[in-house]
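K.L.:
My questions all concern the structure below.
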Amino acid sequence: MLLVLTVLIVLAAAAALILQDHVVFTPDGFYFDFQKPTQEAQTPDTDIGQDDSAEDVPLVIEDGSSNSPTTPDPTPEDPVPGSPSEREPFSALLATPEQIISGETLPTSYDALAVTVKGTDGVMWVADSMNAENGTADVAADFRSALSGSDTYKIAVASALLDPLRPRYIDRASALKVESGSIWLDWDYCSWFSPYATGTAEYLKALLQSCADAGFSEVILTDFQFPTRGKTELINYGTQSVGKAEALASLAQQLKRDDLTVSCLLTDTAAAGGADEAAGQDAALLAKAFGKVWVRCSSPDDTASLRAQLGDNAVALWLTTESTAHNLPDHIFEP
């Protein structure tokens with residue numbers, strides 16, 4: 001009897017071991033499932049613990065091609081919008097920020113728009129990197145908003161080194177000074193950035209960036225010179241390794257950008273004779289550094305000598321009288 005009981009216990013244990021892989025528990029109890037697992041169930045889930053570092057082997061087709069992903073050929077960099085390489089010389093009307101805000105229509109005889117974004121009063125209509133007190137126009141945001149709605153080629157005009165606010169009150173280290181260290185002021189009690197100061201280049205770079213952010217494709221720097229009005233003999237330039245002309249040309253080189261055309265307005269003396277020693281402007285050096293220079297004149301004929309010296313494309317015209325001449329280089333009319 002004992003032997004029979006022992007055999008039954010062994011058989012029950014063996015049955016439990018065999019059946020344990022087939023028992024399925026449910027909320028109502030359990031049942032046995034004796035179906036053979038499908039091939040899909042036997043295939044391990046390769047998303048878990050899969051070696052992502054293994055490279056796919058491309059399928060080679062009979063014609064020699066492959067199903068491996070292909071990288072498209074790089075396309076050449078797009079030209080700068082409005083750059084000389086993709087446009088004809090422009091004809092621009094010089095407007096005020098107030099005219100832009102009011103929504104005045106650009107005459108159809110002009111295909112570009114020039115706007116003074118910083119004048120000799122130091123007030124800016126684009127973002128001011130130095131946040132000078134009273135240095136930004138009250139309605140500057142309205143101006144930038146109105147400007148953004150225009151697809152016209154836009155040129156910003158900005159006073160560069162003449163600034164009655166920033167070198168006098170904020171970046172005094174970059175200001176022109178007298179021997180005592182006090183800020184030098186011209187006849188109009190305006191301070192000037194020193195072309196020799198490192199901070200001057202940084203400020204002008206920030207100014208150019210503000211113009212680009214506002215949608216301008218070109219910037220004309222006025223007052224890009226050493227001061228000539230006032231007691232300039234009192235200015236202490238210290239010991240410098242280069243002269244005025246070389247200093248301005250070096251500063252111009254630092255301002256070159258791929259996405260923005262930068263140039264400067266010549267003094268009347270530099271425009272007439274090719275150089276202005278007191279202002280430090282050498283037309284040839286500046287034209288080489290910037291690519292072109294601007295001349296204020298009443299007629300294109302007034303620039304014949306300078307264009308012969310520098311080349312027609314290197315001299316742009318700031319006209320004070322409307323011209324009906326054809327085949328003009330880049331030009332602006334100032335009403």
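Ordering of the structure tokens sets the chain letters (A, B, ...), residue numbers begin anew at 1 in every chain, and ligands are numbered from 1 in the order given.
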Give me the residues of stretch 304-325 of chain A that have any atom at most 12 Å from an atom of stretch 87-100 of chain A; for each, the nearest atom pair and the distance in Å, rounded to one decimal. Use only C-alpha atoms, sort by chain and number, and format it as JSON lines.
P.N.:
{"residue": "A:Asp312", "atom": "CA", "partner": "A:Pro89", "partner_atom": "CA", "distance": 11.2}
{"residue": "A:Asn313", "atom": "CA", "partner": "A:Pro89", "partner_atom": "CA", "distance": 9.1}
{"residue": "A:Ala314", "atom": "CA", "partner": "A:Pro89", "partner_atom": "CA", "distance": 11.7}
{"residue": "A:Val315", "atom": "CA", "partner": "A:Pro89", "partner_atom": "CA", "distance": 11.5}
{"residue": "A:Ala316", "atom": "CA", "partner": "A:Pro89", "partner_atom": "CA", "distance": 9.4}
{"residue": "A:Leu317", "atom": "CA", "partner": "A:Ser91", "partner_atom": "CA", "distance": 9.6}
{"residue": "A:Trp318", "atom": "CA", "partner": "A:Leu94", "partner_atom": "CA", "distance": 9.4}
{"residue": "A:Leu319", "atom": "CA", "partner": "A:Leu93", "partner_atom": "CA", "distance": 9.8}
{"residue": "A:Thr320", "atom": "CA", "partner": "A:Leu94", "partner_atom": "CA", "distance": 10.2}
{"residue": "A:Thr321", "atom": "CA", "partner": "A:Leu93", "partner_atom": "CA", "distance": 11.4}
{"residue": "A:Glu322", "atom": "CA", "partner": "A:Leu93", "partner_atom": "CA", "distance": 9.9}
{"residue": "A:Ser323", "atom": "CA", "partner": "A:Ser91", "partner_atom": "CA", "distance": 10.4}
{"residue": "A:Thr324", "atom": "CA", "partner": "A:Ser91", "partner_atom": "CA", "distance": 11.1}
{"residue": "A:Ala325", "atom": "CA", "partner": "A:Ser91", "partner_atom": "CA", "distance": 11.5}
K.L.:
Write a file of the selected residues as a compact mmCIF listing (two decimals), in the first residue's frame, keeping N, CA and C atoms.
P.N.:
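The resulting file, selection_0.txt, is shown below:
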# COMPACT_ATOMS: atom_id res chain seq x y z
N ASP A 312 34.32 102.57 -61.74
CA ASP A 312 32.92 102.99 -61.64
C ASP A 312 32.16 102.28 -60.53
N ASN A 313 32.41 100.97 -60.36
CA ASN A 313 31.66 100.21 -59.36
C ASN A 313 32.10 100.49 -57.93
N ALA A 314 33.24 101.16 -57.78
CA ALA A 314 33.75 101.44 -56.43
C ALA A 314 33.25 102.77 -55.89
N VAL A 315 32.54 103.54 -56.71
CA VAL A 315 32.05 104.85 -56.29
C VAL A 315 30.53 104.88 -56.44
N ALA A 316 29.85 105.05 -55.33
CA ALA A 316 28.39 105.18 -55.34
C ALA A 316 28.02 106.64 -55.12
N LEU A 317 26.86 107.03 -55.62
CA LEU A 317 26.49 108.44 -55.64
C LEU A 317 25.40 108.77 -54.62
N TRP A 318 25.68 109.77 -53.80
CA TRP A 318 24.69 110.32 -52.88
C TRP A 318 24.26 111.65 -53.49
N LEU A 319 23.21 111.61 -54.27
CA LEU A 319 22.81 112.77 -55.06
C LEU A 319 21.94 113.73 -54.26
N THR A 320 22.27 115.00 -54.35
CA THR A 320 21.44 116.03 -53.72
C THR A 320 20.48 116.65 -54.74
N THR A 321 20.62 116.26 -55.99
CA THR A 321 19.71 116.68 -57.05
C THR A 321 19.33 115.45 -57.85
N GLU A 322 18.06 115.29 -58.13
CA GLU A 322 17.64 114.12 -58.91
C GLU A 322 18.31 114.12 -60.27
N SER A 323 18.71 112.94 -60.70
CA SER A 323 19.38 112.81 -61.98
C SER A 323 18.58 111.89 -62.90
N THR A 324 18.53 112.27 -64.15
CA THR A 324 17.86 111.45 -65.16
C THR A 324 18.86 110.68 -66.00
N ALA A 325 20.13 110.73 -65.60
CA ALA A 325 21.18 110.02 -66.35
C ALA A 325 20.95 108.52 -66.28
K.L.:
Go through stretch 79-204 of chain A and collect every residue that DSSP, computed from the backbone, puts in strand (DSSP E or B); the answer should be as a VMD selection string.
P.N.:
chain A and resid 91 to 95 112 to 118 124 136 153 to 159 162 175 177 to 178 183 192 to 193
K.L.:
For stretch 96-119 of chain A versus stretch 158-179 of chain A, which residues have an atom no more than 9 Å away, and what is each residue's nearest atom pair and distance in Å rounded to one decimal, using only C-alpha atoms, chain-then-number order, as JSON lines?
P.N.:
{"residue": "A:Val115", "atom": "CA", "partner": "A:Ala158", "partner_atom": "CA", "distance": 8.7}
{"residue": "A:Thr116", "atom": "CA", "partner": "A:Ala158", "partner_atom": "CA", "distance": 6.0}
{"residue": "A:Val117", "atom": "CA", "partner": "A:Ala158", "partner_atom": "CA", "distance": 5.6}
{"residue": "A:Lys118", "atom": "CA", "partner": "A:Ala158", "partner_atom": "CA", "distance": 4.5}
{"residue": "A:Gly119", "atom": "CA", "partner": "A:Ser159", "partner_atom": "CA", "distance": 5.4}
K.L.:
Considering only C-alpha atoms, can you say which of A:Gln209, A:Pro300, A:Ala245, A:Gln253 comes closest to A:Ala283?
P.N.:
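Smallest separation from A:Ala283 among the options: A:Ala245.
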K.L.:
Please compute the atom CA of A:Gly273-atom CA of A:Leu306 distance, one decimal, in Å.
P.N.:
7.8 Å
K.L.:
Choose the residue, out of A:Cys297, A:Ala197, A:Leu185, A:Leu208, that has the smallest atom-to-atom separation from A:Pro227; count only C-alpha atoms.
P.N.:
A:Leu185
K.L.:
Could you check how far atom CA of A:Leu207 sits from atom CA of A:Ser102, in Å to one decimal?
P.N.:
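Interatomic distance, atom CA of A:Leu207 to atom CA of A:Ser102: 24.6 Å.
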K.L.:
Point out the residue among A:Ser148, A:Ser182, A:Ser263, A:Ser210 with the least atom-to-atom distance to A:Asp223, counting only C-alpha atoms.
P.N.:
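Of all the options, A:Ser263 lies closest to A:Asp223.
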K.L.:
Can you list, as a list in words, every protein, DNA or RNA residue that comes within 12 Å of A:Trp187 when you count only C-alpha atoms, leaving out same-chain residues fewer than 5 positions away?
P.N.:
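These residues fall inside the cut-off: Pro164, Trp192, Pro227, Thr228, Arg229, Gly230, Lys231 and Thr232 of chain A.
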K.L.:
Write a file of the selected residues as a PDB file, in the first residue's frame, keeping C-alpha atoms.
P.N.:
ATOM      1  CA  PRO A 164      27.286 112.444 -28.410  1.00  0.00           C
ATOM      2  CA  TRP A 192      33.710 110.722 -30.828  1.00  0.00           C
ATOM      3  CA  PRO A 227      37.003 114.746 -36.316  1.00  0.00           C
ATOM      4  CA  THR A 228      38.008 117.939 -38.087  1.00  0.00           C
ATOM      5  CA  ARG A 229      35.819 120.515 -36.315  1.00  0.00           C
ATOM      6  CA  GLY A 230      36.888 121.836 -32.954  1.00  0.00           C
ATOM      7  CA  LYS A 231      40.223 122.043 -31.166  1.00  0.00           C
ATOM      8  CA  THR A 232      41.500 118.809 -32.668  1.00  0.00           C
TER       9      THR A 232
END
K.L.:
What's the 10 Å shell around A:Ser305, counting only C-alpha atoms, without same-chain residues fewer than 6 positions away, as a list in words?
P.N.:
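The neighbour list is Ala271, Ala272, Gly273, Gly274 and Gly311 of chain A.
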K.L.:
Store the residues of this selection in a file with C-alpha atoms, as a CSV table (one decimal), in the first residue's frame.
P.N.:
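Written file, result.csv:
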chain,number,residue,atom,x,y,z
A,271,ALA,CA,35.9,112.9,-52.7
A,272,ALA,CA,37.5,115.8,-54.5
A,273,GLY,CA,41.1,114.8,-54.2
A,274,GLY,CA,41.2,111.2,-53.2
A,311,GLY,CA,36.6,102.3,-61.0
K.L.:
Could you list, as a list in words, every residue within 7 Å of A:Gln281, counting only C-alpha atoms and ignoring same-chain residues fewer than 2 positions away?
P.N.:
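With the cut-off at 7 Å, the set is Gln225, Ala245, Ala270, Ala275, Asp276, Glu277, Ala279 and Ala283 of chain A.
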K.L.:
Could you state the separation of atom CA of A:Asp128 and atom CA of A:Lys154 in Å, given to one decimal place?
P.N.:
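Computed distance, atom CA of A:Asp128 to atom CA of A:Lys154, equals 19.1 Å.
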